[in-house]
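Read through the structure below, which is laid out as structure tokens, and then see the notes.
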2 protein chains.
Amino acid sequence: MLSNSSKYAIKAVLFLALNSNEKNKVMVKDISQPINVPQAYIAKLLQALVKEKIISSTRGPKGGFYLDEINLNHSIMNIVNVIDGEKKLNSCMMSLKKCNEEKPCPLHNILSPSRSNILNNLKSKTIKDVIKEVKLGNAFLPL
Amino acid sequence: MLSNSSKYAIKAVLFLALNSNEKNKVMVKDISQPINVPQAYIAKLLQALVKEKIISSTRGPKGGFYLDEINLNHSIMNIVNVIDGEKKLNSCMMSLKKCNEEKPCPLHNILSPSRSNILNNLKSKTIKDVIKEVKLGNAFLPL
DNA sequence: AATAAAATATGATAAAAATCATATTCAAGA
DNA sequence: TCTTGAATATGATTTTTATCATATTTTATT
Ligand code: FES
Ligand code: FES
């Protein structure tokens with residue numbers, strides 16, 4: 001469903017959402033440990049996210065990664081799309097060329113509603129929405 | 001979610017469900033083409049399914065693969081478990097060690113219900129159930 | 001300006017998944 | 001019983017994903 005890389009990226013972004021802002025940037029080495037992902041690995045993922053403007057960064061002393069207000073309003077799906085590409089999640093469960101309602105494969109009718117639900121949630125929930133649940137104590141970090 | 005191999009295996013099993021029985025066995029070469037999977041690849045998967053008694057086979061002239069009445073009552077999940085192993089589908093969406101309700105990760109509450117729904121369907125739907133929908137014209141083959 | 005501290009770009013290596021290839025074994029029919 | 005046609009066992013190759021490593025560029029501080 002989600003690749004390892006996507007999962008790691010989500011963890012990192014949520015960590016930044018809780019622990020950074022324009023004034024308090026966080027270095028890779030201080031991200032990799034709490035989220036339990038190798039530094040060189042998460043560094044590469046964060047760089048990709050910066051390039052697509054999902055997160056922010058500055059280099060040099062006092063530099064690091066952080067989320068600004070705009071970043072916080074990105075959806076979880078945006079993160080996944082940057083890391084895994086757009087089509088991974090939409091493919092047919094039986095590897096038909098295209099998954100559609102008109103000529104559904106035998107698993108489509110059974111599984112598609114739940115999958116759509118997952119996709120819609122990933123699309124609609126923003127970083128901000130998600131960390132709100134953490135702050136309310138309904139979900140937990142660190143990971 | 002499902003590996004390529006699992007998808008291929010499901011396709012092959014459904015094909016057999018519709019086109020074989022104890023009296024009419026089907027050879028790999030006559031399976032691989034209609035389901036659009038390379039022969040050597042699907043052969044290996046079918047062999048794994050036979051070993052776990054999800055499907056049946058006999059060798060030699062007039063041999064081939066087929067489903068008997070017992071085979072038809074296996075769930076789709078049984079196929080997936082043989083090919084992908086048991087735990088792939090149950091892992092946390094954010095790569096926590098274990099996914100649980102007591103200390104859910106931030107994505108758990110959002111996505112877990114739909115995922116459970118998918119898993120329950122895969123567990124409860126049998127091969128026979130699924131091809132019934134095909135015969136009724138509610139779902140389509142070939143793939 | 002020089003230095004140092006950070007991200008960035010780039011690419012190498014390792015591990016896993018997907019795919020391909022073939023010698024061996026078993027079963028049917030001549 | 002010999003031959004032939006099928007699955008089976010085994011493993012090699014290729015591709016993708018995951019992981020690691022490092023030289024370069026940018027920025028703050030002295
Ligand atoms: S057609 Fe197969 S999942 Fe939609
Ligand atoms: S704890 Fe992460 S999906 Fe259940």
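We name chains A, B, ... following the order of the structure tokens; residues begin at 1 in each chain, and ligands are numbered from 1 as shown.
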
Spatial neighbours of region 6-23 of chain C, max dist 7 Å, only C-alpha atoms (C1' of nucleotides), sep filter under 4 positions, as an NGL selection string: (:A and (58-61 or 63-64)) or (:B and (40-41))

DSSP helix (DSSP H, G or I) residues within chain A, as a PyMOL selection string: chain A and resi 4-19+28-35+39-51+69-72+76-84+88-90+108-124+127-135

Within 10 Å of ligand 2 (only C-alpha atoms (C1' of nucleotides) and all ligand atoms), residues as an MDAnalysis selection string: (chainID A and resid 7 139:140 143) or (chainID B and resid 90:113 115)

Proximal residues of chain D relative to chain A (only C-alpha atoms (C1' of nucleotides); 10 Å) as a ChimeraX atom specification: /D:17-21,25-29

Closest of B:Ser57, B:His74, B:Leu16, B:Asn36 to chain A - atom-to-atom distances counting only C-alpha atoms: B:Asn36

Extract, using only C-alpha atoms (C1' of nucleotides), all DNA, RNA and protein residues at most 10 Å from DA9 (chain D), discarding same-chain residues fewer than 5 positions from it, and format them as a PDB file with N, CA and C atoms (P, O5', C5', C4', C3', O3' and C1' of nucleotides), in the first residue's frame.
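Written file, result.pdb:
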```pdb
ATOM      1  N   LYS B  44       5.496 -20.869 -11.470  1.00  0.00           N
ATOM      2  CA  LYS B  44       6.065 -20.920 -10.125  1.00  0.00           C
ATOM      3  C   LYS B  44       5.021 -20.632  -9.049  1.00  0.00           C
ATOM      4  N   GLN B  47       2.680 -23.553  -8.611  1.00  0.00           N
ATOM      5  CA  GLN B  47       3.316 -24.630  -7.856  1.00  0.00           C
ATOM      6  C   GLN B  47       3.251 -24.379  -6.356  1.00  0.00           C
TER       7      GLN B  47
ATOM      8  P    DA C  23      18.968 -28.170 -19.126  1.00  0.00           P
ATOM      9  O5'  DA C  23      19.410 -29.278 -18.061  1.00  0.00           O
ATOM     10  C5'  DA C  23      19.982 -28.869 -16.818  1.00  0.00           C
ATOM     11  C4'  DA C  23      19.303 -29.599 -15.672  1.00  0.00           C
ATOM     12  C3'  DA C  23      19.130 -31.101 -15.898  1.00  0.00           C
ATOM     13  O3'  DA C  23      19.313 -31.759 -14.653  1.00  0.00           O
ATOM     14  C1'  DA C  23      17.032 -30.136 -15.501  1.00  0.00           C
ATOM     15  P    DT C  24      19.273 -33.387 -14.567  1.00  0.00           P
ATOM     16  O5'  DT C  24      17.934 -33.685 -13.766  1.00  0.00           O
ATOM     17  C5'  DT C  24      17.745 -33.091 -12.488  1.00  0.00           C
ATOM     18  C4'  DT C  24      16.344 -33.396 -11.994  1.00  0.00           C
ATOM     19  C3'  DT C  24      15.959 -34.878 -12.033  1.00  0.00           C
ATOM     20  O3'  DT C  24      15.591 -35.259 -10.714  1.00  0.00           O
ATOM     21  C1'  DT C  24      14.237 -33.531 -12.949  1.00  0.00           C
ATOM     22  P    DT C  25      15.199 -36.812 -10.401  1.00  0.00           P
ATOM     23  O5'  DT C  25      13.603 -36.754 -10.420  1.00  0.00           O
ATOM     24  C5'  DT C  25      12.932 -35.959  -9.454  1.00  0.00           C
ATOM     25  C4'  DT C  25      11.453 -35.993  -9.759  1.00  0.00           C
ATOM     26  C3'  DT C  25      10.842 -37.403  -9.754  1.00  0.00           C
ATOM     27  O3'  DT C  25       9.682 -37.332  -8.937  1.00  0.00           O
ATOM     28  C1'  DT C  25      10.252 -36.265 -11.723  1.00  0.00           C
TER      29       DT C  25
END
```

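Near Asn121 (chain A), within 10 Å and counting only C-alpha atoms (C1' of nucleotides), sit Ser75, Ile76, Met77, Arg115, Ser116, Asn117, Ile118, Leu119, Lys123, Ser124, Lys125 and Thr126 of chain A; Leu107, Ile110 and Leu111 of chain B, not including residues fewer than 2 positions from it in the same chain.
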
Residue nearest chain C among B:Ala12, B:Leu136, B:Lys53, B:Ile42 (counting only C-alpha atoms (C1' of nucleotides)): B:Ile42

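Proximity of B:Ile127, B:Leu49, B:Ile10, B:Leu72 to ligand 1, computed with only C-alpha atoms and all ligand atoms, is greatest for B:Ile10.
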
Neighbour list for DC2 (chain D) as JSON, numbers by chain, cut-off 12 Å, only C-alpha atoms (C1' of nucleotides), skip fewer than 4 positions in-chain: {"C": [28, 29, 30]}

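Straight-line separation from CA of Lys132 (chain A) to CA of Glu86 (chain A): 26.2 Å.
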
Selection: 7 Å around Val28 (chain A), only C-alpha atoms (C1' of nucleotides), excl. self and same-chain fewer than 3 positions, as a PyMOL selection string: chain A and resi 31-32+39+43

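In this structure, CA of Leu18 (chain B) sits 11.5 Å away from CA of Asp68 (chain B).
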
Chain B: residues DSSP assigns to strand (DSSP E), reported as a PyMOL selection string: chain B and resi 56-58+64-66

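Ranking A:Met27, A:Val82, A:Leu46, A:Leu89 by their shortest atom-to-atom distance to ligand 1, with only C-alpha atoms and all ligand atoms included, puts A:Leu89 first.
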
Å distance separating CA of Leu67 (chain A) from CA of Ala17 (chain A), one decimal place: 6.2 Å
